[in-house]
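First up is the structure itself, then whatever we jot down about it.
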Amino acid sequence: MTNKTKSIVAIVITIILIASISIGIGFLIYCYADDMVVGGDVDMKINFDKSAKSLGVNVFLSAKNKEDDIWQQNTLPIGNGMLGGSIYGEVFNERIIFNEKTLWTGGPSLKRPDYNGGNLTEKDENGKTVNDYYQEVKRLFEEGKNKEASALCDKLVGKEEGYGAYQCWGEIKINMHHAFKKSKDYERFLSLDNAMAGVSYKGNDTTFKREYFASNPDKVLVIKLIADGEEHLSFDLTFPSKQGGISVAKENSICTYGKVEDNGLMYYSRMDVITAGCVTSANNVLSVSGAKNVVIVVYASTDYAPVYPNYRTGETQEQLAERVSLVIEKAVKKGYEDLRKDHIADYTALYDRVSFDLGAVKPDLTTDKLLKKYKKGVIKPSQQRYLEQLLYNYGRYLTIASSRKTDILPSNLQGLWNNRNNPPWASDYHMNVNLQMNYWPTYSTNLAECANPLVNYIDSLREPGRVTASTYAGIVSENGEENGFVFHTQNTPFGWTCPGWDFSWGWSPASTAWILQNVYEYYEYTGDIEYLRKNIYPMLREASLYFKNTLVEDKNSGRLVTVPTYSPEHGPRTMGNTYEQSLIWQLFNDTIEAGKVLAVDGALIEELESKIAKLKPIEIGENGQIKEWYHESKLGQIGQKNHRHLSHLLGLFPGDLINKDLHPEWLDATVVSLNNRGDKSTGWAMGQRINTWARVGDGDRAYKLIKQLFKSGLYSNMWDAHPPFQIDGNFGYTAGVTEMLMQSNLGYIELLPSLPREWANGKISGIIARGNFELAFEWKDSKVIDLEIKSNIGGKCILKLGRTDIKIMDSNFLQVPYVIENGKIKFETQKGMVYKLV
Ligand code: FUC
Ligand code: CA
């Protein structure tokens, strides 16, 4: 190298060095000179600058079908519990997929006169009933003939015919006759603050705006279109059914109706247009022209009723039409402004109960772009906190949109949004984690009434569940005497309670015990004793009877077990396993607790107490793990490593069996097992991991999973990707974050049990602890600095704060006496009083 080249090289290297250092410093400044403020008021909005069709899709999370991908990744959901829409926001050919929660195939039908919830009641070609096989499987396991017993389990299945699927109702289509070819300044958003969605764009100097919402008080879905400028609105409106129904346009209404081909379920929808512009109708089309603003109101219903065994209201087509029309006419009369006002008041009454603040600042980027930055790891902390807050609030938004107090069905695998007639897993009610997860955040985030449809749905499964208990397990309830009901992995609105058509995913009596934990939590959080007495306890009692009656003694271990058992969805079939034993333990535990609160069933409670002691769900294996099967010794010897289900760890979350107070060694073993299951999973399995690590008390690990979820588990519309879209993961996240900030399942309230380093400063208010204490607190440098507790029903409050140097003042500024026991603060509260800790 000549001297000249040497010096050029040196100069180039120096320039590169200086450049990279400044880029580095620049990036650091960009990241950390970030104006995070706890206490700011930040709009919670999912927004895009493109319509669903124009926004790209994530190929890694793809459904492999373009149409499905555009829908599941990019549309924006609105809902009022019973019905909803997913909005594309197309400028020229607007589409809104319309859904109503009861529109299902399957169940009773003229085609299936013998429909009975899928139970196999006939004898098979060997002249045997499923109960014969059940008894044989039990005997073989008892005799230690595991191979024969396992093979015979395949006989313990249900039918497939008549299962059905949640259906897509149809599509609201608005074909605009714009005088321009291209629009500008496009925006599409969903505001979580008031449950309003919107689209706006400009064309020929006119601003076009649309607003969309689904009102719970008025039951209708509403769309308003506005043209602000020279141009007018002119478009064709149709509402084709996805069920082949007839659509008739007349004056300013379109009525779409028919019967579901498979089961004769009647459906009827009516859509009315209100405008000062001109409306004409022909066939199935309403044509609007010369309008400055147009309001579209939609309502729909079916003749489904959640009543065994017919599941129909008994209405005639005319009565159904009249019921739907009355709702529409009332809404039309009320007018847009009042509909909107009442909708927002109704929604915010629920949504505003909780506010969560990690110091986010409203970013000036669209949601898809923010998510991309999060994925690439180049997002500012204030923007990252924004997305984390947004996803938290979204879980609450989606709960309010898909499960309201008076709904006749709970939210399903997709909440209530569905673009096809053969959705994944029929978009049904899955109970080996999914429906449970849908309702994990409901109580703690102050939405207890949104769980009423769940409690009622489980109640509605008791009658058909008795048929399953007797058909398979020979547990007969007769002459008004209840001996037990049961259902398995998957359910429908038509009392489908039999095991699935394949044992390896379909057999799961423990699902019954599991979902009853969600039901019992209604009481734990609200403290509503009358509701416990009338609605909840009868279910707990009857399910406990089923398990009490099916438990047998395992001669080898002396343990009381159910037979056969299967840990979802891997490993061998055995006599008892940790999954089933833990869930029965929880059910007995809750039944005993409830029985004592109500002072009823003394003898039964005593019997359950003697049985619960013999369940012995937890054993620790050679590698210090929680065994999933009792014959497991080394970790990983049985089953699939990294399996998504955490079935043997349910005693920790959502259960009360494994905890740091009573059995720290079990908690340690849970950590070994959790590590073995790994941090890489998808959809709900990430949600479950976040909650479980939160219960372990490891906030940094829970946060690592949150980051992973943001990087690989969300679509642009922030729906959770299993993939495909499955809503449980959204609810799992919201529950998990709450669990990181507050836990209350061990008889006391613990604040910040799993706070990650990244969330060192923050504020949350309105969340609920068991015992119905409403909490508002702020933390700084990972320590609680401010706490207010509202006692909604009175009673003793026990607190674990991490500090005891406090003073308690009530709303009358009087100092409240307290005692300290084992580092916990205990004081008596009065109903309605707010306590301030200083
Ligand atoms: C359970 C899970 C599946 C899926 C299905 C709906 O069976 O194991 O992953 O989420 O539910
Ligand atoms: Ca409990």
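Order determines the names: the first chain of the structure tokens is A, the second B, and so forth; residues in each chain are numbered 1 upward, and ligands are numbered 1 upward as they are shown.
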From a DSSP calculation on the backbone, collect every residue of range 590-751 of chain A in strand (DSSP E) and output the set as an MDAnalysis selection string.
-> chainID A and resid 742:743 749:751
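Near Glu553 in chain A, within 12 Å and counting only C-alpha atoms, sit Lys138, Arg139, Phe141, Glu142, Lys548, Gly558, Arg559, Leu560, Val561, Thr562, Val563, Met575, Gly576, Lys611, Lys614, Leu615 and Lys616 of chain A; same-chain residues fewer than 5 positions away were not included.
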Could you report the residues within 9 Å of ligand 2, using only C-alpha atoms and all ligand atoms, as number ranges by chain?
-> A: 517, 520-521, 524, 586, 589-590, 593, 654-656, 744-747, 770
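When only C-alpha atoms and all ligand atoms are used to compute distances to ligand 1, the closest of the residues A:Gly699, A:Gly415, A:Gly506, A:Gly802 turns out to be A:Gly506.
Considering only C-alpha atoms and all ligand atoms, the residues that reside within 7 Å of ligand 1 can be listed as Leu413, Trp425, His430, Asn432, Val433, Asn434, Trp505, Pro568, Glu569, His645 and His722 of chain A.
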Save out the residues we just selected, C-alpha atoms, as a PDB file, in the first residue's frame.
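Result went into selection-v1.pdb, see below:
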ATOM      1  CA  LEU A 413     -63.123 -19.247  19.977  1.00  0.00           C
ATOM      2  CA  TRP A 425     -62.388 -25.706  15.217  1.00  0.00           C
ATOM      3  CA  HIS A 430     -63.435 -25.530  23.712  1.00  0.00           C
ATOM      4  CA  ASN A 432     -59.456 -27.756  27.641  1.00  0.00           C
ATOM      5  CA  VAL A 433     -58.167 -24.209  28.045  1.00  0.00           C
ATOM      6  CA  ASN A 434     -59.830 -21.908  25.522  1.00  0.00           C
ATOM      7  CA  TRP A 505     -58.344 -34.916  21.998  1.00  0.00           C
ATOM      8  CA  PRO A 568     -54.241 -32.723  26.718  1.00  0.00           C
ATOM      9  CA  GLU A 569     -53.115 -33.559  24.044  1.00  0.00           C
ATOM     10  CA  HIS A 645     -50.490 -27.374  26.942  1.00  0.00           C
ATOM     11  CA  HIS A 722     -52.736 -19.304  17.193  1.00  0.00           C
TER      12      HIS A 722
END
Check which residues of range 318-425 of chain A sit at most 9 Å from range 214-221 of chain A using only C-alpha atoms, and return one row each with the closest pair of atoms and their distance in Å to one decimal, ordered by chain and rising number, as a Markdown table.
| residue | atom | partner | partner_atom | distance |
| --- | --- | --- | --- | --- |
| A:Val327 | CA | A:Lys219 | CA | 7.4 |
| A:Ile328 | CA | A:Val220 | CA | 7.4 |
| A:Lys330 | CA | A:Asp218 | CA | 8.2 |
| A:Ala331 | CA | A:Asp218 | CA | 6.5 |
| A:Leu339 | CA | A:Asp218 | CA | 7.1 |
| A:Arg340 | CA | A:Ser215 | CA | 7.8 |
| A:Asp342 | CA | A:Pro217 | CA | 7.2 |
| A:His343 | CA | A:Ser215 | CA | 5.0 |
| A:Ile344 | CA | A:Ser215 | CA | 8.3 |
| A:Asp346 | CA | A:Pro217 | CA | 7.1 |
| A:Tyr347 | CA | A:Asn216 | CA | 8.0 |
| A:Ala401 | CA | A:Ala214 | CA | 8.2 |
| A:Arg404 | CA | A:Asn216 | CA | 8.1 |
Selected residues written out with all heavy atoms, as a JSON list (two decimals), in the first residue's frame:
[["chain", "number", "residue", "atom", "x", "y", "z"],
["A", 327, "VAL", "N", -87.12, -3.75, 16.96],
["A", 327, "VAL", "CA", -85.83, -3.21, 17.41],
["A", 327, "VAL", "C", -85.36, -2.14, 16.44],
["A", 327, "VAL", "O", -84.92, -1.05, 16.84],
["A", 327, "VAL", "CB", -84.78, -4.35, 17.53],
["A", 327, "VAL", "CG1", -83.39, -3.78, 17.77],
["A", 327, "VAL", "CG2", -85.17, -5.32, 18.64],
["A", 328, "ILE", "N", -85.48, -2.43, 15.14],
["A", 328, "ILE", "CA", -85.03, -1.48, 14.13],
["A", 328, "ILE", "C", -85.86, -0.19, 14.18],
["A", 328, "ILE", "O", -85.32, 0.92, 14.19],
["A", 328, "ILE", "CB", -85.14, -2.11, 12.70],
["A", 328, "ILE", "CG1", -84.04, -3.15, 12.51],
["A", 328, "ILE", "CG2", -85.08, -1.05, 11.62],
["A", 328, "ILE", "CD1", -82.65, -2.59, 12.33],
["A", 330, "LYS", "N", -87.53, 1.12, 16.57],
["A", 330, "LYS", "CA", -87.22, 1.90, 17.77],
["A", 330, "LYS", "C", -85.91, 2.67, 17.60],
["A", 330, "LYS", "O", -85.82, 3.85, 17.95],
["A", 330, "LYS", "CB", -87.11, 0.94, 18.97],
["A", 330, "LYS", "CG", -87.68, 1.52, 20.24],
["A", 330, "LYS", "CD", -87.67, 0.50, 21.35],
["A", 330, "LYS", "CE", -87.02, 1.12, 22.58],
["A", 330, "LYS", "NZ", -86.41, 0.14, 23.47],
["A", 331, "ALA", "N", -84.94, 1.98, 17.03],
["A", 331, "ALA", "CA", -83.62, 2.61, 16.85],
["A", 331, "ALA", "C", -83.71, 3.75, 15.83],
["A", 331, "ALA", "O", -83.13, 4.82, 16.03],
["A", 331, "ALA", "CB", -82.60, 1.57, 16.41],
["A", 339, "LEU", "N", -78.52, 7.40, 19.65],
["A", 339, "LEU", "CA", -77.98, 6.03, 19.61],
["A", 339, "LEU", "C", -76.51, 6.06, 19.99],
["A", 339, "LEU", "O", -76.03, 5.28, 20.80],
["A", 339, "LEU", "CB", -78.13, 5.42, 18.21],
["A", 339, "LEU", "CG", -79.54, 5.05, 17.75],
["A", 339, "LEU", "CD1", -79.51, 4.67, 16.26],
["A", 339, "LEU", "CD2", -80.10, 3.88, 18.56],
["A", 340, "ARG", "N", -75.81, 6.99, 19.38],
["A", 340, "ARG", "CA", -74.37, 7.12, 19.59],
["A", 340, "ARG", "C", -74.07, 7.49, 21.05],
["A", 340, "ARG", "O", -73.21, 6.91, 21.68],
["A", 340, "ARG", "CB", -73.83, 8.20, 18.65],
["A", 340, "ARG", "CG", -72.33, 8.37, 18.62],
["A", 340, "ARG", "CD", -71.98, 9.54, 17.68],
["A", 340, "ARG", "NE", -70.57, 9.60, 17.36],
["A", 340, "ARG", "CZ", -69.66, 10.16, 18.14],
["A", 340, "ARG", "NH1", -70.03, 10.70, 19.29],
["A", 340, "ARG", "NH2", -68.39, 10.19, 17.77],
["A", 342, "ASP", "N", -75.92, 7.11, 23.75],
["A", 342, "ASP", "CA", -76.25, 6.03, 24.70],
["A", 342, "ASP", "C", -75.25, 4.87, 24.58],
["A", 342, "ASP", "O", -74.93, 4.22, 25.57],
["A", 342, "ASP", "CB", -77.68, 5.51, 24.48],
["A", 342, "ASP", "CG", -78.70, 6.53, 24.96],
["A", 342, "ASP", "OD1", -78.27, 7.57, 25.52],
["A", 342, "ASP", "OD2", -79.90, 6.31, 24.77],
["A", 343, "HIS", "N", -74.80, 4.63, 23.37],
["A", 343, "HIS", "CA", -73.80, 3.57, 23.18],
["A", 343, "HIS", "C", -72.52, 3.91, 23.94],
["A", 343, "HIS", "O", -71.98, 3.09, 24.68],
["A", 343, "HIS", "CB", -73.49, 3.39, 21.69],
["A", 343, "HIS", "CG", -72.14, 2.78, 21.44],
["A", 343, "HIS", "ND1", -71.86, 1.48, 21.81],
["A", 343, "HIS", "CD2", -71.00, 3.27, 20.90],
["A", 343, "HIS", "CE1", -70.58, 1.21, 21.49],
["A", 343, "HIS", "NE2", -70.05, 2.28, 20.95],
["A", 344, "ILE", "N", -72.07, 5.14, 23.77],
["A", 344, "ILE", "CA", -70.80, 5.51, 24.41],
["A", 344, "ILE", "C", -70.95, 5.51, 25.93],
["A", 344, "ILE", "O", -70.08, 5.02, 26.65],
["A", 344, "ILE", "CB", -70.29, 6.87, 23.87],
["A", 344, "ILE", "CG1", -69.90, 6.70, 22.39],
["A", 344, "ILE", "CG2", -69.11, 7.38, 24.68],
["A", 344, "ILE", "CD1", -69.46, 7.97, 21.69],
["A", 346, "ASP", "N", -72.99, 3.70, 27.69],
["A", 346, "ASP", "CA", -73.10, 2.31, 28.13],
["A", 346, "ASP", "C", -71.73, 1.61, 28.12],
["A", 346, "ASP", "O", -71.35, 0.95, 29.07],
["A", 346, "ASP", "CB", -74.06, 1.58, 27.17],
["A", 346, "ASP", "CG", -73.95, 0.09, 27.26],
["A", 346, "ASP", "OD1", -74.43, -0.48, 28.26],
["A", 346, "ASP", "OD2", -73.36, -0.54, 26.35],
["A", 347, "TYR", "N", -71.00, 1.84, 27.06],
["A", 347, "TYR", "CA", -69.69, 1.20, 26.92],
["A", 347, "TYR", "C", -68.69, 1.74, 27.95],
["A", 347, "TYR", "O", -68.00, 0.99, 28.64],
["A", 347, "TYR", "CB", -69.16, 1.39, 25.50],
["A", 347, "TYR", "CG", -67.70, 0.97, 25.34],
["A", 347, "TYR", "CD1", -67.37, -0.37, 25.23],
["A", 347, "TYR", "CD2", -66.67, 1.91, 25.36],
["A", 347, "TYR", "CE1", -66.04, -0.77, 25.12],
["A", 347, "TYR", "CE2", -65.35, 1.52, 25.24],
["A", 347, "TYR", "CZ", -65.04, 0.18, 25.12],
["A", 347, "TYR", "OH", -63.73, -0.21, 25.03],
["A", 401, "ALA", "N", -67.21, -6.34, 23.95],
["A", 401, "ALA", "CA", -67.82, -6.46, 22.62],
["A", 401, "ALA", "C", -68.38, -7.86, 22.33],
["A", 401, "ALA", "O", -69.20, -8.02, 21.45],
["A", 401, "ALA", "CB", -66.78, -6.09, 21.55],
["A", 404, "ARG", "N", -71.83, -9.79, 26.88],
["A", 404, "ARG", "CA", -72.51, -8.85, 27.75],
["A", 404, "ARG", "C", -73.53, -9.57, 28.62],
["A", 404, "ARG", "O", -74.02, -10.63, 28.27],
["A", 404, "ARG", "CB", -73.20, -7.76, 26.92],
["A", 404, "ARG", "CG", -72.20, -6.83, 26.22],
["A", 404, "ARG", "CD", -71.35, -6.04, 27.20],
["A", 404, "ARG", "NE", -72.15, -5.14, 28.01],
["A", 404, "ARG", "CZ", -72.42, -3.88, 27.67],
["A", 404, "ARG", "NH1", -71.96, -3.36, 26.54],
["A", 404, "ARG", "NH2", -73.15, -3.14, 28.47]]
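Proximity of A:Tyr522, A:Phe653, A:Phe547, A:Tyr630 to Pro572 in chain A, computed with only C-alpha atoms, is greatest for A:Tyr630.
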So what do you get for CA of Ser811 in chain A versus CA of Arg353 in chain A, distance-wise?
-> 19.4 Å
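Nearest residue to Ser673 in chain A among A:Val273, A:Leu649, A:Ala300, A:Val137 is A:Leu649, counting only C-alpha atoms.
Here CA of Asn65 in chain A is placed at a distance of 12.8 Å from CA of Pro424 in chain A.
Computed from the coordinates, the CA of Lys155 in chain A to CA of Gln135 in chain A distance equals 11.5 Å.
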Can you tell me, as a ChimeraX atom specification, what residues are no more than 8 Å from Thr591 in chain A when counting only C-alpha atoms, ignoring any on the same chain fewer than 3 positions away?
-> /A:537,540-541,544,587-588,594-595,605
Counting only C-alpha atoms, figure out which residue out of A:Leu604, A:Met266, A:Leu705, A:Val819 gets nearest to Lys796 in chain A.
-> A:Val819
Would you kindly return, as a PyMOL selection string, each protein, DNA or RNA residue with an atom no farther than 12 Å from any atom of Lys372 in chain A, considering only C-alpha atoms and excluding same-chain residues fewer than 3 positions away?
-> chain A and resi 56-58+365-369+375-379+383-384+387+710-712+714-716+718
